[in-house]
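A.B. asks: Contents of structure20.tsv (TSV, C-alpha atoms):
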```tsv
chain	number	residue	atom	x	y	z
A	1134	MET	CA	57.39	5.68	33.09
A	1135	SER	CA	55.39	4.78	30.02
A	1136	ARG	CA	56.94	4.74	26.59
A	1137	SER	CA	54.72	7.59	25.44
A	1138	ASN	CA	55.79	9.74	28.38
A	1139	VAL	CA	59.46	9.02	27.67
A	1140	SER	CA	59.08	9.82	23.97
A	1141	TYR	CA	57.29	13.04	24.78
A	1142	HIS	CA	59.83	13.99	27.41
A	1143	HIS	CA	62.81	13.40	25.14
A	1144	GLY	CA	61.25	14.44	21.85
A	1145	ASN	CA	63.18	11.79	19.98
A	1146	LEU	CA	63.97	8.88	22.27
A	1147	ALA	CA	66.08	6.96	19.76
A	1148	VAL	CA	68.44	9.94	19.37
A	1149	ALA	CA	68.60	10.44	23.15
A	1150	LEU	CA	69.49	6.77	23.58
A	1151	GLU	CA	72.17	6.97	20.87
A	1152	GLU	CA	73.62	10.05	22.58
A	1153	ALA	CA	73.72	8.18	25.89
A	1154	ALA	CA	75.38	5.21	24.18
A	1155	LEU	CA	77.99	7.47	22.55
A	1156	ALA	CA	78.79	9.09	25.89
A	1157	LEU	CA	79.23	5.68	27.53
A	1158	LEU	CA	81.32	4.47	24.60
A	1159	VAL	CA	83.72	7.41	24.96
A	1160	GLU	CA	83.92	7.17	28.75
A	1161	GLU	CA	84.01	3.41	29.30
A	1162	GLY	CA	84.38	1.61	25.97
A	1163	SER	CA	82.06	-0.72	24.11
A	1164	SER	CA	82.04	-3.33	26.88
A	1165	ALA	CA	80.06	-0.84	29.03
A	1166	LEU	CA	77.30	-0.55	26.44
A	1167	SER	CA	74.34	-2.47	27.72
A	1168	LEU	CA	70.72	-1.55	27.12
A	1169	ARG	CA	70.24	-1.03	30.86
A	1170	ALA	CA	73.31	1.24	31.15
A	1171	VAL	CA	72.16	3.28	28.18
A	1172	ALA	CA	68.64	3.60	29.62
A	1173	ARG	CA	70.08	4.67	32.97
A	1174	ARG	CA	72.34	7.23	31.28
A	1175	ALA	CA	69.42	8.61	29.25
A	1176	GLY	CA	67.21	8.72	32.35
A	1177	VAL	CA	64.50	6.46	30.93
A	1178	SER	CA	62.91	3.14	31.80
A	1179	HIS	CA	65.21	0.14	31.36
A	1180	ASN	CA	62.74	-1.23	28.78
A	1181	ALA	CA	62.87	1.86	26.54
A	1182	PRO	CA	65.97	0.81	24.51
A	1183	TYR	CA	64.42	-2.57	23.69
A	1184	HIS	CA	61.62	-0.82	21.78
A	1185	HIS	CA	64.13	0.95	19.53
A	1186	PHE	CA	67.04	-1.47	19.20
A	1187	GLY	CA	65.73	-4.92	20.14
A	1188	ASP	CA	68.95	-6.03	21.79
A	1189	ARG	CA	72.52	-4.94	22.52
A	1190	GLN	CA	73.66	-5.87	19.01
A	1191	GLY	CA	70.93	-3.64	17.56
A	1192	LEU	CA	72.10	-0.77	19.75
A	1193	LEU	CA	75.73	-1.25	18.68
A	1194	LYS	CA	74.73	-1.37	15.01
A	1195	SER	CA	72.74	1.84	15.41
A	1196	VAL	CA	75.67	3.62	17.08
A	1197	ALA	CA	78.07	2.30	14.43
A	1198	ALA	CA	75.72	3.51	11.67
A	1199	ARG	CA	75.70	6.96	13.23
A	1200	GLY	CA	79.50	6.85	13.30
A	1201	LEU	CA	79.65	5.81	9.65
A	1202	ARG	CA	77.33	8.69	8.71
A	1203	ASP	CA	79.50	11.14	10.67
A	1204	LEU	CA	82.70	9.78	9.12
A	1205	LEU	CA	81.30	10.01	5.60
A	1206	ALA	CA	80.00	13.55	6.25
A	1207	ALA	CA	83.44	14.63	7.53
A	1208	MET	CA	85.13	13.24	4.41
A	1209	VAL	CA	82.60	14.81	2.04
A	1210	THR	CA	82.96	18.20	3.74
A	1211	ALA	CA	86.76	18.00	3.59
A	1212	ARG	CA	86.77	16.83	-0.05
A	1213	ASP	CA	84.38	19.56	-1.13
A	1214	SER	CA	86.48	22.27	0.52
A	1215	THR	CA	89.06	22.19	-2.28
A	1216	SER	CA	88.96	21.89	-6.08
A	1217	SER	CA	92.00	19.96	-7.33
A	1218	PRO	CA	91.14	16.24	-7.64
A	1219	LYS	CA	94.37	15.25	-5.90
A	1220	GLN	CA	93.85	17.79	-3.11
A	1221	ARG	CA	90.26	16.60	-2.72
A	1222	LEU	CA	91.52	13.05	-2.25
A	1223	LEU	CA	94.12	14.19	0.26
A	1224	ALA	CA	91.56	16.28	2.18
A	1225	ALA	CA	89.19	13.32	2.47
A	1226	SER	CA	92.07	11.12	3.61
A	1227	PHE	CA	93.13	13.59	6.29
A	1228	ALA	CA	89.52	13.84	7.48
A	1229	TYR	CA	89.44	10.05	7.83
A	1230	VAL	CA	92.58	10.05	9.98
A	1231	ASP	CA	91.32	13.00	12.04
A	1232	PHE	CA	87.99	11.28	12.66
A	1233	ALA	CA	89.76	8.14	13.89
A	1234	SER	CA	91.98	10.19	16.22
A	1235	GLU	CA	89.15	12.30	17.61
A	1236	ASN	CA	86.62	9.44	17.91
A	1237	ARG	CA	88.74	6.38	18.63
A	1238	PRO	CA	86.11	4.25	20.47
A	1239	LEU	CA	83.50	5.00	17.81
A	1240	PHE	CA	86.00	4.35	15.01
A	1241	GLU	CA	86.84	0.98	16.57
A	1242	LEU	CA	83.16	0.12	16.84
A	1243	ILE	CA	82.58	1.03	13.18
A	1244	PHE	CA	85.23	-1.47	12.12
A	1245	ASP	CA	84.30	-4.21	14.58
A	1246	PRO	CA	83.52	-7.17	12.28
A	1247	GLU	CA	80.81	-8.34	14.67
A	1248	ILE	CA	78.96	-5.05	14.10
A	1249	CYS	CA	79.84	-3.96	10.55
A	1250	ASN	CA	80.84	-6.97	8.52
A	1251	PRO	CA	81.04	-5.91	4.85
A	1252	LYS	CA	80.97	-9.58	3.82
A	1253	GLU	CA	77.62	-10.00	5.58
A	1254	PRO	CA	76.06	-6.52	5.50
A	1255	ASN	CA	73.17	-5.86	7.80
A	1256	PRO	CA	70.30	-3.49	6.94
A	1257	VAL	CA	71.52	-0.84	9.41
A	1258	THR	CA	75.18	-0.47	8.44
A	1259	GLY	CA	75.24	-2.14	5.00
A	1260	PRO	CA	74.00	0.87	3.00
A	1261	LEU	CA	76.50	3.13	4.76
A	1262	ILE	CA	79.41	0.78	4.04
A	1263	GLU	CA	78.32	0.81	0.40
A	1264	ALA	CA	78.06	4.64	0.39
A	1265	ASN	CA	81.55	4.90	1.89
A	1266	ASP	CA	82.97	2.54	-0.75
A	1267	GLU	CA	81.29	4.52	-3.53
A	1268	PHE	CA	82.53	7.84	-2.11
A	1269	LEU	CA	86.09	6.52	-2.11
A	1270	ALA	CA	85.84	5.12	-5.65
A	1271	GLU	CA	84.30	8.36	-6.93
A	1272	THR	CA	87.01	10.50	-5.29
A	1273	VAL	CA	89.81	8.27	-6.60
A	1274	ARG	CA	88.22	8.08	-10.08
A	1275	ALA	CA	88.23	11.90	-10.31
A	1276	ALA	CA	91.97	12.00	-9.49
A	1277	LEU	CA	92.98	9.40	-12.08
A	1278	PRO	CA	93.28	9.93	-15.85
A	1279	GLN	CA	89.90	9.64	-17.60
A	1280	GLU	CA	90.89	6.53	-19.52
A	1281	THR	CA	91.62	4.53	-16.34
A	1282	ALA	CA	89.72	1.24	-16.34
A	1283	GLU	CA	87.11	0.77	-13.62
A	1284	THR	CA	88.97	-2.26	-12.24
A	1285	ASP	CA	92.07	-0.07	-11.82
A	1286	VAL	CA	89.99	2.59	-10.09
A	1287	ARG	CA	88.64	0.02	-7.62
A	1288	THR	CA	92.02	-1.57	-6.91
A	1289	THR	CA	93.65	1.83	-6.45
A	1290	ALA	CA	90.82	2.89	-4.15
A	1291	ALA	CA	91.23	-0.30	-2.09
A	1292	ALA	CA	94.99	0.18	-1.79
A	1293	LEU	CA	94.63	3.83	-0.84
A	1294	TRP	CA	91.93	3.06	1.72
A	1295	GLY	CA	94.17	0.39	3.22
A	1296	ALA	CA	96.99	2.91	3.57
A	1297	VAL	CA	94.75	5.63	5.01
A	1298	HIS	CA	93.01	3.22	7.38
A	1299	GLY	CA	96.37	1.90	8.57
A	1300	LEU	CA	97.57	5.44	9.22
A	1301	ALA	CA	94.32	6.24	11.02
A	1302	VAL	CA	94.70	3.24	13.33
A	1303	LEU	CA	98.37	3.98	14.02
A	1304	VAL	CA	97.71	7.65	14.75
A	1305	SER	CA	94.60	7.01	16.88
A	1306	THR	CA	96.51	4.48	19.01
A	1307	GLN	CA	99.48	6.87	19.23
A	1308	HIS	CA	101.89	4.50	17.52
A	1309	LEU	CA	102.50	7.16	14.89
A	1310	ASP	CA	102.60	10.93	15.19
A	1311	ALA	CA	99.95	12.75	13.17
A	1312	SER	CA	102.62	15.04	11.70
A	1313	VAL	CA	103.75	12.27	9.30
A	1314	VAL	CA	100.30	11.74	7.78
A	1315	ARG	CA	100.25	14.67	5.38
A	1316	PRO	CA	103.76	14.24	3.91
A	1317	GLY	CA	103.37	10.47	3.89
A	1318	LEU	CA	100.11	10.55	1.94
A	1319	GLU	CA	101.41	13.24	-0.41
A	1320	SER	CA	104.42	11.02	-1.19
A	1321	LEU	CA	102.19	8.02	-1.71
A	1322	LEU	CA	99.90	9.89	-4.09
A	1323	GLU	CA	102.86	11.17	-6.08
A	1324	LEU	CA	103.52	7.55	-7.02
A	1325	ARG	CA	100.14	7.18	-8.74
A	1326	PHE	CA	98.19	10.40	-9.18
A	1327	LEU	CA	98.50	13.40	-11.41
A	1328	GLU	CA	97.95	16.99	-10.30
```
Mind converting the file's structure to structure tokens?

C.D. replies:
Amino acid sequence: MSRSNVSYHHGNLAVALEEAALALLVEEGSSALSLRAVARRAGVSHNAPYHHFGDRQGLLKSVAARGLRDLLAAMVTARDSTSSPKQRLLAASFAYVDFASENRPLFELIFDPEICNPKEPNPVTGPLIEANDEFLAETVRAALPQETAETDVRTTAAALWGAVHGLAVLVSTQHLDASVVRPGLESLLELRFLE
């Protein structure tokens, strides 16, 4: 099957390949993600993924980028569903934990340092990591008193993200029941944030 026939058949081959990769990721884990397996799952030539992703690492970065976009969108939607700065921060935090629980293999891929290393950002995931960091800082900044120094905003955001990420991992791996997330985060925020 020629590349042009595949593209025409699928409309958007890259999206079809990402969908196939996501399905394999959920069903079999990241170790099952090979370009050949993804091509087979998408019903295209085994060469088709190479044209879009180059290699397995490129495929994984593309899937992780999609996951980062989905995670950020879920947090933005949750944050924007309420008006109090503290409630907005809580809503975004709960969305983060929910995303991890509902999309565990994708969440793990997003935070695989081989794929999304914030110390060595790649062009696919780097801008999304930066957008996520800025979203968190902006949401924390809005919940803190106006006179809070930017360094305090960033350190508070880092500490809060660490707590939320830890809860997300513990809940998604079933080491912690999701019912403790809301009261736990509310208690944590009472230590630092104003209504």

A.B. asks: Within 8 Å of Met1208 of chain A, counting only C-alpha atoms, which residues qualify if same-chain residues fewer than 5 places away don't, as a VMD selection string?

C.D. replies: chain A and resid 1224 to 1226 1228 to 1229

A.B. asks: Considering all atoms listed in the file, return as a list in words whatever protein or nucleic-acid residues lie within 6 Å of His1179 of chain A, sequence-local ones (same chain, fewer than 2 positions apart) excluded.

C.D. replies: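 In the requested form, the answer reads Arg1169, Ala1172 and Ala1181 of chain A.
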
A.B. asks: How many Å lie between atom CA of Ser1167 of chain A and atom CA of Arg1189 of chain A, rounded to one decimal?

C.D. replies: 6.0 Å

A.B. asks: Check the smallest atom-to-atom distance from each of A:Ala1292, A:Leu1242, A:Leu1157, A:Leu1150 to Phe1186 of chain A using only C-alpha atoms, then report the winner.

C.D. replies: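 Nearest candidate to Phe1186 of chain A out of A:Ala1292, A:Leu1242, A:Leu1157, A:Leu1150: A:Leu1150.
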
A.B. asks: Rounded to one decimal, what separation in Å do you get between atom CA of Leu1158 of chain A and atom CA of Pro1260 of chain A?

C.D. replies: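 About the pair atom CA of Leu1158 of chain A and atom CA of Pro1260 of chain A: they are 23.1 Å apart.
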
A.B. asks: Give me, please, the distance in Å between atom CA of Thr1272 of chain A and atom CA of Arg1237 of chain A, quoted to one decimal.

C.D. replies: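 So the answer is 24.3 Å.
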
A.B. asks: Calculated over all atoms listed in the file, which of the candidates A:Ala1170, A:Ala1276, A:Val1314, A:Ala1175 has the smallest distance to Asn1145 of chain A?

C.D. replies: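 Under the stated criterion, the closest residue is A:Ala1175.
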
A.B. asks: Residues within 12 Å of Leu1293 of chain A, please, as a PyMOL selection string. Count all atoms listed in the file; anything in the same chain fewer than 4 positions from it doesn't count.

C.D. replies: chain A and resi 1222-1223+1225-1226+1229+1266+1269-1270+1272-1273+1285-1289+1297-1300+1317-1319+1321-1322+1324-1326

A.B. asks: Kindly indicate which residue among A:Arg1202, A:Asn1180, A:Asp1231, A:Glu1160 lies nearest to Arg1315 of chain A, using only C-alpha atoms for the distances.

C.D. replies: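 Among the listed residues, the smallest separation from Arg1315 of chain A belongs to A:Asp1231.
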
A.B. asks: I need the residue nearest Leu1193 of chain A from this list: A:Ile1243, A:Val1148, A:Ala1282, A:Ala1206. Use all atoms listed in the file for the distance.

C.D. replies: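 That would be A:Ile1243, the residue with the smallest distance to Leu1193 of chain A.
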
A.B. asks: Please identify all polymer residues within 10 Å of Ala1311 of chain A, counting all atoms listed in the file, omitting same-chain residues fewer than 2 positions from it, and present them as a list in words.

C.D. replies: Phe1227, Val1230, Asp1231, Ser1234, Leu1300, Ala1301, Leu1303, Val1304, Ser1305, Gln1307, His1308, Leu1309, Val1313, Val1314 and Arg1315 of chain A

A.B. asks: Point out the residue among A:Asp1310, A:Glu1267, A:Asp1203, A:Asp1245 with the least atom-to-atom distance to Ala1291 of chain A, counting all atoms listed in the file.

C.D. replies: A:Glu1267

A.B. asks: Return the single residue from A:Val1257, A:Ala1296, A:Ala1165, A:Leu1277 that is closest to Lys1219 of chain A, with distances computed using all atoms listed in the file.

C.D. replies: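 Among the listed residues, A:Leu1277 lies closest to Lys1219 of chain A.
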
A.B. asks: Which residues are near Ile1262 of chain A? Cut-off 12 Å, only C-alpha atoms, ignore same chain within fewer than 4 positions. Put them as a VMD selection string.

C.D. replies: chain A and resid 1197 to 1202 1204 to 1205 1243 to 1244 1248 to 1258 1266 to 1269

A.B. asks: The selected residues should be written to file as a PDB file, keeping the file's coordinate frame (atoms: C-alpha atoms).

C.D. replies:
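Written output follows (result-v3.pdb):
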```
ATOM      1  CA  ALA A1197      78.070   2.300  14.430  1.00  0.00           C
ATOM      2  CA  ALA A1198      75.720   3.510  11.670  1.00  0.00           C
ATOM      3  CA  ARG A1199      75.700   6.960  13.230  1.00  0.00           C
ATOM      4  CA  GLY A1200      79.500   6.850  13.300  1.00  0.00           C
ATOM      5  CA  LEU A1201      79.650   5.810   9.650  1.00  0.00           C
ATOM      6  CA  ARG A1202      77.330   8.690   8.710  1.00  0.00           C
ATOM      7  CA  LEU A1204      82.700   9.780   9.120  1.00  0.00           C
ATOM      8  CA  LEU A1205      81.300  10.010   5.600  1.00  0.00           C
ATOM      9  CA  ILE A1243      82.580   1.030  13.180  1.00  0.00           C
ATOM     10  CA  PHE A1244      85.230  -1.470  12.120  1.00  0.00           C
ATOM     11  CA  ILE A1248      78.960  -5.050  14.100  1.00  0.00           C
ATOM     12  CA  CYS A1249      79.840  -3.960  10.550  1.00  0.00           C
ATOM     13  CA  ASN A1250      80.840  -6.970   8.520  1.00  0.00           C
ATOM     14  CA  PRO A1251      81.040  -5.910   4.850  1.00  0.00           C
ATOM     15  CA  LYS A1252      80.970  -9.580   3.820  1.00  0.00           C
ATOM     16  CA  GLU A1253      77.620 -10.000   5.580  1.00  0.00           C
ATOM     17  CA  PRO A1254      76.060  -6.520   5.500  1.00  0.00           C
ATOM     18  CA  ASN A1255      73.170  -5.860   7.800  1.00  0.00           C
ATOM     19  CA  PRO A1256      70.300  -3.490   6.940  1.00  0.00           C
ATOM     20  CA  VAL A1257      71.520  -0.840   9.410  1.00  0.00           C
ATOM     21  CA  THR A1258      75.180  -0.470   8.440  1.00  0.00           C
ATOM     22  CA  ASP A1266      82.970   2.540  -0.750  1.00  0.00           C
ATOM     23  CA  GLU A1267      81.290   4.520  -3.530  1.00  0.00           C
ATOM     24  CA  PHE A1268      82.530   7.840  -2.110  1.00  0.00           C
ATOM     25  CA  LEU A1269      86.090   6.520  -2.110  1.00  0.00           C
TER      26      LEU A1269
END
```

A.B. asks: Some atoms are missing, so please complete segment 1295-1326 of chain A with N, CA and C atoms and return it as a PDB file, in the coordinates of the input.

C.D. replies:
```
ATOM      1  N   GLY A1295      93.354   1.183   2.301  1.00  0.00           N
ATOM      2  CA  GLY A1295      94.170   0.390   3.220  1.00  0.00           C
ATOM      3  C   GLY A1295      95.275   1.228   3.853  1.00  0.00           C
ATOM      4  N   ALA A1296      95.928   2.046   3.050  1.00  0.00           N
ATOM      5  CA  ALA A1296      96.990   2.910   3.570  1.00  0.00           C
ATOM      6  C   ALA A1296      96.436   3.951   4.536  1.00  0.00           C
ATOM      7  N   VAL A1297      95.343   4.594   4.157  1.00  0.00           N
ATOM      8  CA  VAL A1297      94.750   5.630   5.010  1.00  0.00           C
ATOM      9  C   VAL A1297      94.222   5.020   6.300  1.00  0.00           C
ATOM     10  N   HIS A1298      93.550   3.872   6.186  1.00  0.00           N
ATOM     11  CA  HIS A1298      93.010   3.220   7.380  1.00  0.00           C
ATOM     12  C   HIS A1298      94.155   2.802   8.316  1.00  0.00           C
ATOM     13  N   GLY A1299      95.217   2.270   7.751  1.00  0.00           N
ATOM     14  CA  GLY A1299      96.370   1.900   8.570  1.00  0.00           C
ATOM     15  C   GLY A1299      96.954   3.102   9.292  1.00  0.00           C
ATOM     16  N   LEU A1300      97.094   4.215   8.579  1.00  0.00           N
ATOM     17  CA  LEU A1300      97.570   5.440   9.220  1.00  0.00           C
ATOM     18  C   LEU A1300      96.617   5.895  10.316  1.00  0.00           C
ATOM     19  N   ALA A1301      95.321   5.813  10.036  1.00  0.00           N
ATOM     20  CA  ALA A1301      94.320   6.240  11.020  1.00  0.00           C
ATOM     21  C   ALA A1301      94.430   5.415  12.303  1.00  0.00           C
ATOM     22  N   VAL A1302      94.574   4.110  12.151  1.00  0.00           N
ATOM     23  CA  VAL A1302      94.700   3.240  13.330  1.00  0.00           C
ATOM     24  C   VAL A1302      95.987   3.557  14.079  1.00  0.00           C
ATOM     25  N   LEU A1303      97.087   3.700  13.367  1.00  0.00           N
ATOM     26  CA  LEU A1303      98.370   3.980  14.020  1.00  0.00           C
ATOM     27  C   LEU A1303      98.374   5.331  14.732  1.00  0.00           C
ATOM     28  N   VAL A1304      97.770   6.328  14.122  1.00  0.00           N
ATOM     29  CA  VAL A1304      97.710   7.650  14.750  1.00  0.00           C
ATOM     30  C   VAL A1304      96.753   7.630  15.941  1.00  0.00           C
ATOM     31  N   SER A1305      95.589   7.005  15.791  1.00  0.00           N
ATOM     32  CA  SER A1305      94.600   7.010  16.880  1.00  0.00           C
ATOM     33  C   SER A1305      95.076   6.232  18.103  1.00  0.00           C
ATOM     34  N   THR A1306      95.961   5.245  17.887  1.00  0.00           N
ATOM     35  CA  THR A1306      96.510   4.480  19.010  1.00  0.00           C
ATOM     36  C   THR A1306      97.863   5.024  19.460  1.00  0.00           C
ATOM     37  N   GLN A1307      98.260   6.144  18.883  1.00  0.00           N
ATOM     38  CA  GLN A1307      99.480   6.870  19.230  1.00  0.00           C
ATOM     39  C   GLN A1307     100.757   6.079  18.949  1.00  0.00           C
ATOM     40  N   HIS A1308     100.694   5.188  17.966  1.00  0.00           N
ATOM     41  CA  HIS A1308     101.890   4.500  17.520  1.00  0.00           C
ATOM     42  C   HIS A1308     102.624   5.308  16.466  1.00  0.00           C
ATOM     43  N   LEU A1309     101.937   6.311  15.935  1.00  0.00           N
ATOM     44  CA  LEU A1309     102.500   7.160  14.890  1.00  0.00           C
ATOM     45  C   LEU A1309     102.051   8.580  15.144  1.00  0.00           C
ATOM     46  N   ASP A1310     102.954   9.524  14.987  1.00  0.00           N
ATOM     47  CA  ASP A1310     102.600  10.930  15.190  1.00  0.00           C
ATOM     48  C   ASP A1310     101.835  11.449  13.976  1.00  0.00           C
ATOM     49  N   ALA A1311     100.803  12.224  14.236  1.00  0.00           N
ATOM     50  CA  ALA A1311      99.950  12.750  13.170  1.00  0.00           C
ATOM     51  C   ALA A1311     100.716  13.611  12.176  1.00  0.00           C
ATOM     52  N   SER A1312     101.855  14.149  12.583  1.00  0.00           N
ATOM     53  CA  SER A1312     102.620  15.040  11.700  1.00  0.00           C
ATOM     54  C   SER A1312     103.161  14.317  10.462  1.00  0.00           C
ATOM     55  N   VAL A1313     103.228  12.994  10.473  1.00  0.00           N
ATOM     56  CA  VAL A1313     103.750  12.270   9.300  1.00  0.00           C
ATOM     57  C   VAL A1313     102.658  11.946   8.288  1.00  0.00           C
ATOM     58  N   VAL A1314     101.391  12.138   8.658  1.00  0.00           N
ATOM     59  CA  VAL A1314     100.300  11.740   7.780  1.00  0.00           C
ATOM     60  C   VAL A1314     100.298  12.530   6.484  1.00  0.00           C
ATOM     61  N   ARG A1315     100.316  13.842   6.584  1.00  0.00           N
ATOM     62  CA  ARG A1315     100.250  14.670   5.380  1.00  0.00           C
ATOM     63  C   ARG A1315     101.417  14.394   4.426  1.00  0.00           C
ATOM     64  N   PRO A1316     102.665  14.507   4.871  1.00  0.00           N
ATOM     65  CA  PRO A1316     103.760  14.240   3.910  1.00  0.00           C
ATOM     66  C   PRO A1316     103.774  12.794   3.430  1.00  0.00           C
ATOM     67  N   GLY A1317     103.396  11.873   4.291  1.00  0.00           N
ATOM     68  CA  GLY A1317     103.370  10.470   3.890  1.00  0.00           C
ATOM     69  C   GLY A1317     102.346  10.215   2.792  1.00  0.00           C
ATOM     70  N   LEU A1318     101.139  10.744   2.961  1.00  0.00           N
ATOM     71  CA  LEU A1318     100.110  10.550   1.940  1.00  0.00           C
ATOM     72  C   LEU A1318     100.438  11.308   0.660  1.00  0.00           C
ATOM     73  N   GLU A1319     101.009  12.492   0.790  1.00  0.00           N
ATOM     74  CA  GLU A1319     101.410  13.240  -0.410  1.00  0.00           C
ATOM     75  C   GLU A1319     102.443  12.450  -1.199  1.00  0.00           C
ATOM     76  N   SER A1320     103.402  11.841  -0.510  1.00  0.00           N
ATOM     77  CA  SER A1320     104.420  11.020  -1.190  1.00  0.00           C
ATOM     78  C   SER A1320     103.788   9.816  -1.853  1.00  0.00           C
ATOM     79  N   LEU A1321     102.877   9.185  -1.158  1.00  0.00           N
ATOM     80  CA  LEU A1321     102.190   8.020  -1.710  1.00  0.00           C
ATOM     81  C   LEU A1321     101.417   8.366  -2.964  1.00  0.00           C
ATOM     82  N   LEU A1322     100.710   9.492  -2.927  1.00  0.00           N
ATOM     83  CA  LEU A1322      99.900   9.890  -4.090  1.00  0.00           C
ATOM     84  C   LEU A1322     100.773  10.304  -5.268  1.00  0.00           C
ATOM     85  N   GLU A1323     101.947  10.803  -4.992  1.00  0.00           N
ATOM     86  CA  GLU A1323     102.860  11.170  -6.080  1.00  0.00           C
ATOM     87  C   GLU A1323     103.231   9.944  -6.914  1.00  0.00           C
ATOM     88  N   LEU A1324     103.180   8.774  -6.308  1.00  0.00           N
ATOM     89  CA  LEU A1324     103.520   7.550  -7.020  1.00  0.00           C
ATOM     90  C   LEU A1324     102.478   7.176  -8.067  1.00  0.00           C
ATOM     91  N   ARG A1325     101.223   7.666  -7.893  1.00  0.00           N
ATOM     92  CA  ARG A1325     100.140   7.180  -8.740  1.00  0.00           C
ATOM     93  C   ARG A1325      99.313   8.274  -9.397  1.00  0.00           C
ATOM     94  N   PHE A1326      99.172   9.413  -8.722  1.00  0.00           N
ATOM     95  CA  PHE A1326      98.190  10.400  -9.180  1.00  0.00           C
ATOM     96  C   PHE A1326      98.834  11.605  -9.841  1.00  0.00           C
TER      97      PHE A1326
END
```
